[in-house]
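Following: one structure in structure tokens, then a few remarks.
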Amino acid sequence: MALGLGTAAILLVVLLWELARPTLSRAFARVYAIWALQRRASAPAGYDPGRERRAELRARALLRSCIDERDWAMYRDLGFLRVWGAQGEHEGGMHASYAYLIYPHKPLVAYVPQTGALLNEYCVAFPDLSRPYGSSRLPDSDDVLAKWMALIADERRLVADANMHLPGRQIDPGRLRRDLARLARWERERAARDAHGSDLVRAPRGSDRAGAAERAGADRLAGDPAGSDRVGAPERTGSDPRGADRADTLHA
Amino acid sequence: MKLLRMKPGHGEIVLAEGDVDVPEQEQALIEAFRRELDTGMWAAVPTHSPGSRREAELVKSFAEVPRDAERVIFFPRAAGGALEQDR
């Protein structure tokens with residue numbers, strides 16, 4: 001009797017196990033998958049949200065060390081660089097017959113400085129095909145520096161490598177005109193500030209003199225309520241995210 | 001002299017650093033320089049002389065790098081067109 005009951009119990013257990021096994025294995029697999037996902041999400045060596053920001057800070061420092069102080073101030077305040085063309089009728093410099101605007105990860109834009117007429121867009125990129133961290137895009141300021149170096153060193157070659165389009169292909173002409181107006185205003189303000197600063201600050205000598213004059217001018221602008229509508233101020237709070245907004249954020 | 005390379009997601013990295021007047025260090029610089037050119041990078045030397053604007057020159061061999069240059073910056077070669085995500 002006992003032997004019969006024992007055998008029946010064993011058979012019952014085996015039968016139940018066979019019936020429940022598929023369900024149990026599916027449930028186990030589901031629990032394991034959830035556990036693995038949670039473990040991956042909490043792992044420290046995953047996505048690093050600060051990496052791009054740190055990369056851009058390094059790139060900005062490198063750019064600043066390579067270009068003139070005036071050009072750096074232009075990029076910091078306006079979000080783009082202006083480079084005089086060297087292949088035109090006149091030599092490069094402020095009397096050049098054309099110039100370029102360099103934006104990060106946007107085409108070079110050629111224009112006529114005297115009239116503001118837009119000439120061409122030159123689409124050029126510097127993709128790093130090794131794709132470290134999964135992207136081929138250089139940080140913004142590295143892209144600007146690469147364009148600046150290539151343009152300064154070998155304008156003809158860079159333009160030959162680029163795809164040329166009429167203005168408006170990638171950058172809104174209205175935005176370009178606004179940027180040219182901002183640039184003109186920035187240059188006027190800077191010239192006035194430098195002139196005024198050099199009148200006021202004559203005591204410092206040597207290499208610190210220009211910097212002191214500029215600082216004095218900047219201090220005056222900062223303390224002047226009317227200065228709020230001067231260089232770059234509207235753009236700092238306006239809709240242009242490339243320029244001053246980003247500069248402020250990165251320097252914060 | 002420092003050899004720097006622009007790198008996505010990182011900014012510049014130092015590839016090699018050394019004194020060109022020390023033969024062993026110069027050799028290491030030359031090898032690092034060639035390695036980068038072989039991977040298709042462009043090399044630029046930022047230049048600055050007192051009283052003039054800052055400029056840059058592209059170099060194709062280590063011999064073209066001025067002996068007193070402080071940095072050589074490598075960056076990916078230019079390609080026409082924009083990246084897909086830019087459009």
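Starting from 1 in every chain, residues are counted up; chains themselves are A, B, ... following the order of the structure tokens, and ligands are numbered from 1 as listed.
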Using only C-alpha atoms, which protein or nucleic acid residues come within 6 Å of Ile73 of chain B? Drop anything in the same chain fewer than 4 positions from it, and give the result as a PDB file with N, CA, C and O atoms, in the first residue's frame.
```pdb
ATOM      1  N   LEU B   4      49.415  66.772 -31.751  1.00  0.00           N
ATOM      2  CA  LEU B   4      48.053  66.692 -31.229  1.00  0.00           C
ATOM      3  C   LEU B   4      47.128  66.173 -32.323  1.00  0.00           C
ATOM      4  O   LEU B   4      47.358  66.422 -33.496  1.00  0.00           O
ATOM      5  N   ARG B   5      46.089  65.498 -31.889  1.00  0.00           N
ATOM      6  CA  ARG B   5      45.097  65.049 -32.866  1.00  0.00           C
ATOM      7  C   ARG B   5      43.698  65.382 -32.374  1.00  0.00           C
ATOM      8  O   ARG B   5      43.356  65.105 -31.218  1.00  0.00           O
ATOM      9  N   ALA B  43      47.901  67.487 -41.504  1.00  0.00           N
ATOM     10  CA  ALA B  43      48.715  68.044 -40.422  1.00  0.00           C
ATOM     11  C   ALA B  43      48.858  69.541 -40.639  1.00  0.00           C
ATOM     12  O   ALA B  43      49.171  69.988 -41.751  1.00  0.00           O
ATOM     13  N   ALA B  44      48.612  70.305 -39.599  1.00  0.00           N
ATOM     14  CA  ALA B  44      48.746  71.758 -39.688  1.00  0.00           C
ATOM     15  C   ALA B  44      49.624  72.257 -38.550  1.00  0.00           C
ATOM     16  O   ALA B  44      49.594  71.709 -37.444  1.00  0.00           O
TER      17      ALA B  44
END
```
Exercise. Taking only C-alpha atoms into account, what are the residues of chain A at most 8 Å from chain B, put as a PyMOL selection string?
Worked result: chain A and resi 51-52+54-59+62+66-68+105-107+123-128+131-133+135-139+142+146+149-150+152-154+158+161-163+170
Writing out the chosen residues with C-alpha atoms as a short mmCIF file (atom, residue, chain, number, x, y, z; two decimals), in the first residue's frame:
```
data_model
loop_
_atom_site.label_atom_id
_atom_site.label_comp_id
_atom_site.auth_asym_id
_atom_site.auth_seq_id
_atom_site.Cartn_x
_atom_site.Cartn_y
_atom_site.Cartn_z
CA ARG A 51 31.79 63.87 -22.58
CA GLU A 52 30.69 66.17 -25.39
CA ARG A 54 34.32 68.37 -21.93
CA ALA A 55 35.38 67.75 -25.51
CA GLU A 56 34.01 71.13 -26.54
CA LEU A 57 35.78 72.85 -23.67
CA ARG A 58 39.08 71.31 -24.78
CA ALA A 59 38.37 72.28 -28.36
CA LEU A 62 42.79 74.79 -28.50
CA CYS A 66 45.66 79.12 -32.28
CA ILE A 67 43.81 82.22 -33.49
CA ASP A 68 44.16 85.94 -32.83
CA HIS A 105 29.40 72.02 -38.78
CA LYS A 106 27.92 74.28 -41.42
CA PRO A 107 29.18 75.28 -44.84
CA CYS A 123 30.02 72.45 -48.00
CA VAL A 124 32.98 70.83 -46.36
CA ALA A 125 33.30 68.42 -43.46
CA PHE A 126 36.10 66.74 -41.55
CA PRO A 127 34.66 63.33 -40.73
CA ASP A 128 36.78 61.09 -38.53
CA ARG A 131 34.33 57.04 -35.13
CA PRO A 132 35.59 56.95 -31.58
CA TYR A 133 32.60 57.02 -29.24
CA SER A 135 30.45 59.63 -33.92
CA SER A 136 32.54 61.03 -36.74
CA ARG A 137 31.85 64.66 -35.81
CA LEU A 138 34.58 66.75 -34.26
CA PRO A 139 33.58 69.05 -31.42
CA ASP A 142 37.59 71.76 -33.48
CA ALA A 146 40.06 72.72 -38.84
CA MET A 149 43.60 76.20 -40.56
CA ALA A 150 42.74 74.67 -43.91
CA ILE A 152 44.36 80.01 -44.02
CA ALA A 153 46.94 77.46 -45.17
CA ASP A 154 45.50 76.40 -48.50
CA LEU A 158 39.88 73.50 -49.40
CA ASP A 161 37.52 69.80 -52.02
CA ALA A 162 34.23 71.41 -51.02
CA ASN A 163 30.88 71.14 -52.74
CA GLN A 170 21.91 74.92 -45.87
#
```
For this session: as a VMD selection string, please: all residues of segment 46-210 of chain A that backbone DSSP puts in strand (DSSP E).
Result: chain A and resid 81 to 84 99 to 102 108 to 111 118 to 125 163 to 165
Problem set entry | Atom pair atom CA of Phe80 of chain A / atom CA of Arg175 of chain A: separation (Å) | 12.3 Å
Can you list, as an mmCIF file with N, CA, C and O atoms, in the first residue's frame, every protein, DNA or RNA residue that comes within 9 Å of Ala32 of chain B when you count only C-alpha atoms, leaving out same-chain residues fewer than 5 positions away?
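Generated file (part.cif):
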```cif
data_model
loop_
_atom_site.group_PDB
_atom_site.id
_atom_site.type_symbol
_atom_site.label_atom_id
_atom_site.label_comp_id
_atom_site.auth_asym_id
_atom_site.auth_seq_id
_atom_site.Cartn_x
_atom_site.Cartn_y
_atom_site.Cartn_z
ATOM 1 N N LEU B 3 52.642 66.640 -30.782
ATOM 2 C CA LEU B 3 51.757 66.241 -31.868
ATOM 3 C C LEU B 3 50.381 66.011 -31.279
ATOM 4 O O LEU B 3 50.215 65.164 -30.397
ATOM 5 N N LEU B 15 49.502 62.926 -29.093
ATOM 6 C CA LEU B 15 49.999 61.682 -29.701
ATOM 7 C C LEU B 15 51.443 61.425 -29.310
ATOM 8 O O LEU B 15 51.846 60.295 -29.047
ATOM 9 N N ALA B 16 52.216 62.474 -29.310
ATOM 10 C CA ALA B 16 53.639 62.337 -28.978
ATOM 11 C C ALA B 16 54.157 63.703 -28.561
ATOM 12 O O ALA B 16 53.615 64.735 -28.939
ATOM 13 N N GLN B 27 62.958 60.896 -33.554
ATOM 14 C CA GLN B 27 62.547 59.696 -34.286
ATOM 15 C C GLN B 27 61.144 59.268 -33.880
ATOM 16 O O GLN B 27 60.322 58.897 -34.722
ATOM 17 N N LEU B 37 49.667 60.516 -40.833
ATOM 18 C CA LEU B 37 49.472 60.794 -42.259
ATOM 19 C C LEU B 37 48.998 59.537 -42.991
ATOM 20 O O LEU B 37 48.186 59.616 -43.908
#
```
Problem set entry | Nearest candidate to Asp21 of chain B (options B:Arg67, B:Arg34, B:Gly51, B:Val72; using only C-alpha atoms) |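 Comparing B:Arg67, B:Arg34, B:Gly51, B:Val72 against Asp21 of chain B, the winner is B:Arg67.
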Exercise. Quick one, how far is atom CA of Gly18 of chain B from atom CA of Trp148 of chain A?
Worked result: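 Atom-to-atom, atom CA of Gly18 of chain B to atom CA of Trp148 of chain A, that is 26.3 Å.
Here atom CA of Arg76 of chain A stands at a distance of 9.5 Å from atom CA of Arg64 of chain A.
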Exercise. Would you give me, as a list in words, the residues in chain B that DSSP reads as helix (DSSP H, G or I)?
Worked result: Pro23, Glu24, Gln25, Glu26, Gln27, Ala28, Leu29, Ile30, Glu31, Ala32, Phe33, Arg34, Arg35, Glu36, Leu37, Asp38, Phe62, Ala63, Glu64, Glu84, Gln85 and Asp86 of chain B
